[in-house]
Each structure stands twice: as structure tokens, then as C-alpha cells.
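**Q** Next comes start_14.txt, compact mmCIF, C-alpha atoms:
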# COMPACT_ATOMS: atom_id res chain seq x y z
CA MET P 1 19.24 2.26 -14.15
CA SER P 2 16.88 -0.68 -13.80
CA SER P 3 13.09 -0.68 -13.59
CA ILE P 4 11.04 -1.68 -10.53
CA ARG P 5 7.34 -2.41 -10.94
CA VAL P 6 5.50 -1.31 -7.79
CA PHE P 7 1.83 -1.88 -6.91
CA SER P 8 -0.57 -0.71 -4.25
CA PHE P 9 -3.39 -3.24 -3.86
CA ASN P 10 -6.28 -3.19 -1.39
CA ILE P 11 -7.07 -6.89 -1.61
CA LEU P 12 -10.36 -6.55 0.38
CA THR P 13 -11.10 -8.57 3.48
CA ASP P 14 -13.10 -11.76 3.05
CA ASN P 15 -16.28 -9.95 4.07
CA CYS P 16 -19.33 -11.12 2.14
CA LYS P 17 -21.35 -8.05 3.11
CA LYS P 18 -18.85 -5.86 1.26
CA THR P 19 -18.45 -8.16 -1.73
CA GLY P 20 -22.09 -8.87 -2.43
CA GLY P 21 -21.62 -12.46 -1.30
CA ARG P 22 -18.60 -13.16 -3.52
CA THR P 23 -15.90 -14.61 -1.30
CA PHE P 24 -12.15 -14.18 -1.42
CA ALA P 25 -11.89 -17.81 -2.53
CA GLU P 26 -13.71 -16.82 -5.71
CA ARG P 27 -11.45 -13.82 -6.33
CA SER P 28 -8.18 -15.54 -5.38
CA LYS P 29 -7.97 -17.63 -8.57
CA LEU P 30 -8.30 -14.48 -10.66
CA ILE P 31 -5.58 -12.78 -8.59
CA LEU P 32 -3.22 -15.72 -9.12
CA ASP P 33 -3.97 -16.09 -12.82
CA GLU P 34 -3.97 -12.45 -13.86
CA PHE P 35 -2.48 -10.16 -11.23
CA LEU P 36 0.80 -12.07 -11.05
CA ALA P 37 1.03 -11.78 -14.84
CA TYR P 38 1.82 -8.10 -14.32
CA GLU P 39 5.18 -9.27 -12.91
CA PRO P 40 5.42 -6.94 -9.89
CA ASP P 41 8.64 -6.49 -7.95
CA LEU P 42 7.17 -4.71 -4.91
CA ILE P 43 3.57 -4.78 -3.66
CA GLY P 44 1.96 -2.92 -0.80
CA PHE P 45 -1.21 -4.79 0.17
CA GLN P 46 -3.96 -3.47 2.42
CA GLU P 47 -6.78 -5.29 4.24
CA THR P 48 -5.00 -8.64 4.42
CA GLN P 49 -6.66 -10.67 7.15
CA PRO P 50 -4.60 -13.55 8.68
CA PRO P 51 -6.00 -16.23 6.30
CA GLN P 52 -5.30 -13.97 3.31
CA ARG P 53 -1.78 -13.27 4.58
CA GLN P 54 -1.20 -17.02 4.77
CA TRP P 55 -2.67 -17.40 1.28
CA LEU P 56 -0.13 -14.88 0.00
CA ILE P 57 2.70 -16.81 1.68
CA ASP P 58 1.47 -20.09 0.18
CA ASN P 59 0.80 -18.80 -3.34
CA PHE P 60 3.08 -15.80 -3.99
CA THR P 61 6.06 -18.10 -3.61
CA ASP P 62 8.50 -15.81 -5.42
CA PHE P 63 7.91 -13.12 -2.82
CA GLN P 64 8.76 -12.48 0.82
CA VAL P 65 5.72 -11.37 2.86
CA CYS P 66 6.57 -8.72 5.49
CA GLY P 67 4.47 -7.17 8.24
CA VAL P 68 2.20 -7.95 11.19
CA GLY P 69 -1.44 -7.40 12.02
CA ARG P 70 -2.76 -4.18 13.49
CA ASP P 71 -4.40 -5.60 16.62
CA ARG P 72 -2.86 -5.81 20.10
CA ASP P 73 -1.95 -9.48 19.53
CA LEU P 74 -0.34 -8.60 16.14
CA LEU P 75 -3.16 -10.40 14.34
CA GLY P 76 -6.07 -8.80 12.50
CA GLU P 77 -5.70 -6.92 9.23
CA SER P 78 -2.20 -6.12 8.03
CA ASN P 79 -0.60 -3.86 5.43
CA VAL P 80 1.96 -6.35 4.22
CA VAL P 81 4.81 -5.49 1.87
CA LEU P 82 5.85 -8.16 -0.62
CA PHE P 83 9.16 -8.07 -2.46
CA ARG P 84 10.60 -10.39 -5.08
CA LYS P 85 13.07 -12.65 -3.27
CA SER P 86 15.32 -13.20 -6.29
CA ARG P 87 15.92 -9.47 -6.58
CA PHE P 88 15.93 -7.96 -3.08
CA ASP P 89 17.17 -8.72 0.41
CA LEU P 90 15.43 -7.41 3.50
CA VAL P 91 17.63 -5.05 5.51
CA PHE P 92 15.07 -3.65 7.96
CA LEU P 93 11.41 -4.25 8.83
CA GLU P 94 9.09 -2.44 11.23
CA THR P 95 5.37 -1.93 11.71
CA PHE P 96 4.32 1.17 13.64
CA TRP P 97 0.86 2.25 14.74
CA LEU P 98 -0.75 5.50 13.63
CA SER P 99 -1.32 6.80 17.13
CA ASP P 100 0.22 8.94 19.85
CA THR P 101 2.07 5.78 20.95
CA PRO P 102 3.24 4.27 17.64
CA ARG P 103 5.22 1.45 19.25
CA ILE P 104 2.25 0.10 21.22
CA PRO P 105 0.38 -2.60 19.24
CA GLY P 106 -3.31 -1.94 18.79
CA SER P 107 -3.07 1.75 19.71
CA ARG P 108 -5.04 4.45 17.90
CA PHE P 109 -5.61 8.19 17.97
CA SER P 110 -8.18 9.35 20.53
CA THR P 111 -9.72 11.95 18.22
CA ASP P 112 -12.23 11.08 15.49
CA GLN P 113 -10.60 7.79 14.41
CA SER P 114 -12.75 4.74 13.79
CA ASP P 115 -12.49 1.72 16.08
CA CYS P 116 -9.88 0.29 13.68
CA PRO P 117 -6.20 0.59 14.64
CA ARG P 118 -4.18 1.87 11.69
CA ILE P 119 -0.60 0.95 10.87
CA CYS P 120 2.29 1.57 8.51
CA THR P 121 4.68 -1.20 7.45
CA CYS P 122 8.20 -0.02 6.67
CA THR P 123 10.84 -2.06 4.86
CA THR P 124 14.38 -1.23 3.79
CA LEU P 125 15.38 -3.37 0.81
CA ARG P 126 18.72 -3.93 -0.91
CA GLU P 127 18.83 -4.84 -4.59
CA ARG P 128 21.21 -7.77 -4.89
CA GLU P 129 22.72 -6.93 -8.27
CA SER P 130 23.42 -3.24 -7.69
CA GLY P 131 23.68 -3.13 -3.89
CA LYS P 132 21.41 -0.07 -3.88
CA CYS P 133 18.79 0.32 -1.13
CA LEU P 134 15.35 1.87 -0.91
CA ARG P 135 12.63 2.26 1.71
CA HIS P 136 9.06 1.14 1.10
CA TYR P 137 6.29 2.41 3.40
CA ASN P 138 2.80 0.92 3.05
CA THR P 139 -0.29 2.18 4.88
CA HIS P 140 -4.09 2.33 5.05
CA LEU P 141 -5.43 5.58 6.51
CA ASP P 142 -8.62 5.76 8.53
CA HIS P 143 -11.93 5.63 6.68
CA VAL P 144 -13.93 7.74 9.15
CA GLY P 145 -12.02 10.57 10.80
CA ALA P 146 -10.63 13.45 8.74
CA PHE P 147 -8.51 14.58 11.67
CA ALA P 148 -7.26 11.02 12.24
CA GLN P 149 -6.31 10.84 8.56
CA ALA P 150 -4.34 14.06 8.93
CA GLN P 151 -2.68 12.81 12.11
CA GLY P 152 -1.81 9.52 10.42
CA ILE P 153 -0.19 11.01 7.35
CA SER P 154 1.67 13.56 9.50
CA LEU P 155 3.14 10.73 11.57
CA ILE P 156 4.18 8.81 8.44
CA LEU P 157 5.76 11.87 6.79
CA ASN P 158 7.64 12.72 9.98
CA ARG P 159 8.94 9.17 10.07
CA ILE P 160 10.02 9.36 6.42
CA ALA P 161 11.82 12.65 7.11
CA SER P 162 13.57 11.20 10.18
CA ASP P 163 14.66 8.08 8.31
CA TYR P 164 15.86 10.16 5.37
CA ALA P 165 17.87 12.49 7.62
CA GLU P 166 19.60 9.47 9.12
CA ASN P 167 20.25 7.75 5.79
CA PRO P 168 18.99 9.41 2.59
CA LEU P 169 17.53 6.50 0.59
CA PRO P 170 14.93 6.59 -2.18
CA VAL P 171 11.36 6.40 -0.86
CA VAL P 172 8.29 4.50 -2.07
CA LEU P 173 4.99 5.16 -0.27
CA THR P 174 1.98 3.04 -1.19
CA GLY P 175 -1.47 2.79 0.26
CA ASP P 176 -5.20 3.20 0.40
CA PHE P 177 -5.41 6.74 1.76
CA ASN P 178 -9.23 6.92 1.83
CA VAL P 179 -8.97 10.47 0.44
CA THR P 180 -9.13 11.96 -3.05
CA PRO P 181 -6.48 14.20 -4.68
CA ASP P 182 -8.33 17.38 -3.69
CA SER P 183 -7.83 16.63 0.00
CA LEU P 184 -5.45 18.29 2.43
CA VAL P 185 -3.95 14.88 3.21
CA TYR P 186 -2.97 14.44 -0.44
CA LYS P 187 -1.59 17.96 -0.66
CA SER P 188 0.54 17.37 2.44
CA VAL P 189 2.23 14.43 0.66
CA VAL P 190 2.94 16.14 -2.66
CA THR P 191 4.28 19.26 -0.89
CA PHE P 192 6.39 17.24 1.57
CA ALA P 193 9.90 18.66 1.87
CA GLY P 194 11.52 16.03 4.09
CA CYS P 195 13.55 14.48 1.24
CA ARG P 196 15.83 16.04 -1.32
CA GLU P 197 13.38 15.06 -4.08
CA PRO P 198 9.59 15.52 -3.82
CA LEU P 199 7.18 12.65 -3.25
CA LYS P 200 5.45 12.44 -6.61
CA ASP P 201 2.10 10.78 -7.18
CA VAL P 202 3.09 8.59 -10.12
CA THR P 203 -0.44 7.16 -10.32
CA ALA P 204 -2.09 10.57 -10.67
CA ASP P 205 -3.54 9.81 -14.11
CA VAL P 206 -4.75 6.22 -13.71
CA GLY P 207 -8.38 7.21 -13.09
CA PRO P 208 -10.70 5.99 -10.34
CA THR P 209 -9.31 3.20 -8.16
CA PHE P 210 -12.20 2.43 -5.75
CA HIS P 211 -15.42 1.18 -7.35
CA GLY P 212 -17.15 -0.74 -4.55
CA PHE P 213 -18.49 -3.33 -7.05
CA ARG P 214 -20.97 -0.69 -8.25
CA LYS P 215 -21.65 -0.50 -11.97
CA ASP P 216 -23.71 2.70 -11.58
CA TRP P 217 -20.88 4.77 -10.06
CA PRO P 218 -17.71 6.07 -11.73
CA GLY P 219 -15.64 5.47 -8.60
CA SER P 220 -13.01 7.60 -6.85
CA LYS P 221 -9.21 7.85 -6.72
CA ILE P 222 -8.01 6.90 -3.23
CA ASP P 223 -5.12 4.45 -3.92
CA TYR P 224 -1.62 5.74 -4.58
CA VAL P 225 2.02 5.13 -5.34
CA PHE P 226 4.19 8.07 -4.27
CA THR P 227 7.95 8.02 -4.77
CA THR P 228 11.12 10.08 -4.93
CA LEU P 229 12.40 7.85 -7.74
CA PRO P 230 12.16 8.83 -11.42
CA CYS P 231 9.10 7.49 -13.22
CA ASP P 232 7.31 7.99 -16.52
CA ALA P 233 3.89 8.49 -14.94
CA SER P 234 2.19 8.31 -18.34
CA LYS P 235 2.87 4.56 -18.27
CA SER P 236 1.34 3.98 -14.81
CA PHE P 237 -1.95 2.11 -14.76
CA ALA P 238 -4.81 0.54 -12.82
CA ALA P 239 -5.29 -3.23 -13.26
CA ARG P 240 -8.97 -3.55 -14.21
CA ASN P 241 -9.08 -7.28 -14.94
CA GLU P 242 -12.40 -9.08 -14.36
CA ARG P 243 -13.78 -12.61 -14.60
CA ASP P 244 -17.52 -13.16 -14.95
CA GLY P 245 -18.01 -9.53 -13.97
CA LEU P 246 -15.96 -9.88 -10.77
CA PRO P 247 -12.74 -7.81 -10.47
CA PHE P 248 -9.77 -8.49 -8.20
CA SER P 249 -11.27 -6.48 -5.35
CA ASP P 250 -13.46 -3.46 -4.66
CA HIS P 251 -10.28 -1.48 -5.46
CA TYR P 252 -8.24 -1.68 -8.65
CA PRO P 253 -4.55 -2.39 -8.01
CA VAL P 254 -2.48 0.59 -9.19
CA GLY P 255 1.00 0.09 -10.63
CA ALA P 256 3.99 2.13 -11.75
CA ASP P 257 7.43 1.38 -13.22
CA LEU P 258 10.12 3.24 -11.27
CA GLU P 259 13.69 3.86 -12.37
CA PHE P 260 16.17 2.61 -9.78
Have the structure of the file written as C-alpha cells, please.
**A**
Amino acid sequence: MSSIRVFSFNILTDNCKKTGGRTFAERSKLILDEFLAYEPDLIGFQETQPPQRQWLIDNFTDFQVCGVGRDRDLLGESNVVLFRKSRFDLVFLETFWLSDTPRIPGSRFSTDQSDCPRICTCTTLRERESGKCLRHYNTHLDHVGAFAQAQGISLILNRIASDYAENPLPVVLTGDFNVTPDSLVYKSVVTFAGCREPLKDVTADVGPTFHGFRKDWPGSKIDYVFTTLPCDASKSFAARNERDGLPFSDHYPVGADLEF
């Protein structure tokens, strides 16, 4: 078996109100200098606005950037999946909307969801050396509606089960779920029975992942890497690098080494 280093990383939109006036341009140098030093193979990003998506294309040159924006015109924020081009080939790519009409761009649930459309990016990747394939799903659940969160994860898990029934490949699910491990959404993932192996939270012990740039708050765990692949979860981690008191984002990237 070989090892795949997978990250989930909410990169944070370039919104000065959320960052205390510190722009993405100030954080981007730190991301290039120190995040790439972790040598990831797969990354599920959240909150990538179109300029940030282009920045990833221009600067993460060893990676293929996959996925579209969540708005009706396929712009807006995206949950892009990046994979190392020297190691993987893209077999399949799709973005679907967390809604009653998942193939309609910009659609959303009509319950308690925020005004934000929510999406899941799905890739099927083939490792060049071994020829083995896996599926990587990357999402960002709603930040307002508990019912919309439940609807969103149910749609994703049903999709995973359908894909697995058609072709049983290993699964990686990354994302900012906007819920903590005591939630029903979390429990629905770790009790999911749609694959032969369970979806394990291999970042269960990394500590808080969302800090909101607040030094007076311990933070909360809302970012995850779930997988059916073997993993020594004791070696998973959150990347807490800072420069002049400024971390990568208002979320810590969370990483795990999976056996493939």
C-alpha cells in the first residue's frame, strides 16, 4: 500500500469583515510558503471565490483544480478538489447542488437554508502507478439551517451509496460541515452503511478546527476528513501555522495520511 495525504481546508473568502481587515493577499504568501510544505496529495477546499480559485490555478502548479462555483452562472464560491497531477488522473468530475433539484445550478432547499446555495464536488481519480481508483467528495454544509444541514448530508450520503453500488471504490469525504461531533449530522456519517467499510472520522482527535481569529475562544471542531480507507488516526493533525499572529484562515486545515 501507498500513503495519500488528504486535507480539508476552508480557505476563507476574501472578506475583510470576517478577517478583521486582513486580506487574502496577506494570507496567501503564508499558504504558499507553509501549507504546501505539508506535501498534500488531495485537498478539498471550501469558500474559494473566483479570484482565489484562479490564484490556486496559478500557484498550486503541481495540482489540477476541479469544480465550479455554486451560483446559477457557475461562478461564486466553490468547493474545489485539488489533486497532484504527477500521481493521479481525473476519471470523472461532477458538481451537484444540495437541493431538491441537485442538477440545477444555484438551487437550494426551500426549508431553513440560508440564502447561500450549497454544493458537493465529486471526483473519481485513478492513481497512475497502481491503476487503483478512489472517489473524493468535498462539501460545505449550510451555516444557518439545521434541517438544511440534515437534508444536505442525506443527499450526499445517498449519492455515495448509489455510486458505491454501481462501482465499489474507496471513498474520501472532506468538508466544513458547520456542525460539531455531537450533532445528528455527524452521527449520520459515522453510522452510514452504504459502503462495505464505515466512513471513519480520521480527524476526530485533532482538536478544534474553527477559531474565527479569536484568541479568547477555544474554537470548535467542524472540519473533517471521513474515509473508508485505512488510516492511523493518531497521526492526523490540524495545521496551526501562523505568521505575525495571522493563521492560514479562520479554520485550521486538517490532514490525514490514508493507506491506499
**Q** For segment 162-173 of chain P, find every residue with an atom within 6 Å (counting only C-alpha atoms), except residues of its own chain fewer than 3 positions away, and show them as a compact mmCIF listing (two decimals) with C-alpha atoms, in the coordinates of the input.
**A**
# COMPACT_ATOMS: atom_id res chain seq x y z
CA LEU P 134 15.35 1.87 -0.91
CA ARG P 135 12.63 2.26 1.71
CA HIS P 136 9.06 1.14 1.10
CA TYR P 137 6.29 2.41 3.40
CA ASN P 138 2.80 0.92 3.05
CA ARG P 159 8.94 9.17 10.07
CA VAL P 225 2.02 5.13 -5.34
CA PHE P 226 4.19 8.07 -4.27
CA THR P 227 7.95 8.02 -4.77
CA THR P 228 11.12 10.08 -4.93
**Q** I need every residue sitting at most 10 Å from the point (-10.7, -8.1, -10.3) (coordinates as in the file, all atoms listed in the file considered), written as a PyMOL selection string.
**A** chain P and resi 11+27-28+30-31+34-35+213+239-253
**Q** Identify, on the basis of all atoms listed in the file, every residue whose closest approach to Ser86 of chain P does not exceed 10 Å; exclude the query and any residue fewer than 3 positions from it along the same chain; express the result as a list in words.
**A**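 Listing them by chain and then by number gives Asp41, Asp62, Phe63, Gln64, Phe83, Asp89, Glu127, Arg128 and Glu129 of chain P.
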**Q** With C-alpha atoms kept, could you save the residues just selected as a compact mmCIF listing (two decimals), keeping the file's coordinate frame?
**A**
# COMPACT_ATOMS: atom_id res chain seq x y z
CA ASP P 41 8.64 -6.49 -7.95
CA ASP P 62 8.50 -15.81 -5.42
CA PHE P 63 7.91 -13.12 -2.82
CA GLN P 64 8.76 -12.48 0.82
CA PHE P 83 9.16 -8.07 -2.46
CA ASP P 89 17.17 -8.72 0.41
CA GLU P 127 18.83 -4.84 -4.59
CA ARG P 128 21.21 -7.77 -4.89
CA GLU P 129 22.72 -6.93 -8.27
**Q** At what distance in Å, to one decimal, does atom CA of Phe177 of chain P lie from atom CA of Leu141 of chain P?
**A**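 Taking atom CA of Leu141 of chain P as the start and atom CA of Phe177 of chain P as the end point, the length is 4.9 Å.
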**Q** What's around Ile119 of chain P at 12 Å? Count only C-alpha atoms, leave out sequence neighbours fewer than 4 positions away in its own chain, and write the answer as a count of residues only.
**A** 43
**Q** May I ask which of the residues P:Cys122, P:Pro51, P:Ser3, P:Leu157 is the closest one to Pro198 of chain P, counting only C-alpha atoms?
**A**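 Checking each candidate against Pro198 of chain P, we get P:Leu157 as the closest.
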**Q** Using Å and a single decimal, report how far atom CA of Gly44 of chain P sits from atom CA of Ser8 of chain P.
**A** 4.8 Å
**Q** What's the separation between atom CA of Ile43 of chain P and atom CA of Val65 of chain P, in Å to one decimal place?
**A**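 Going from atom CA of Ile43 of chain P over to atom CA of Val65 of chain P, I get 9.5 Å.
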**Q** With only C-alpha atoms as the basis for distance, which of P:Tyr38, P:Leu82, P:Pro230, P:Ser2 is at the shortest distance from Ser130 of chain P?
**A**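 Between P:Tyr38, P:Leu82, P:Pro230, P:Ser2, the residue approaching Ser130 of chain P most closely is P:Ser2.
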**Q** Using only C-alpha atoms, can you tell me which of P:Ser154, P:Leu125, P:Val179, P:Leu229 comes closest to Phe192 of chain P?
**A**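 Using only C-alpha atoms, the shortest distance to Phe192 of chain P belongs to P:Ser154.
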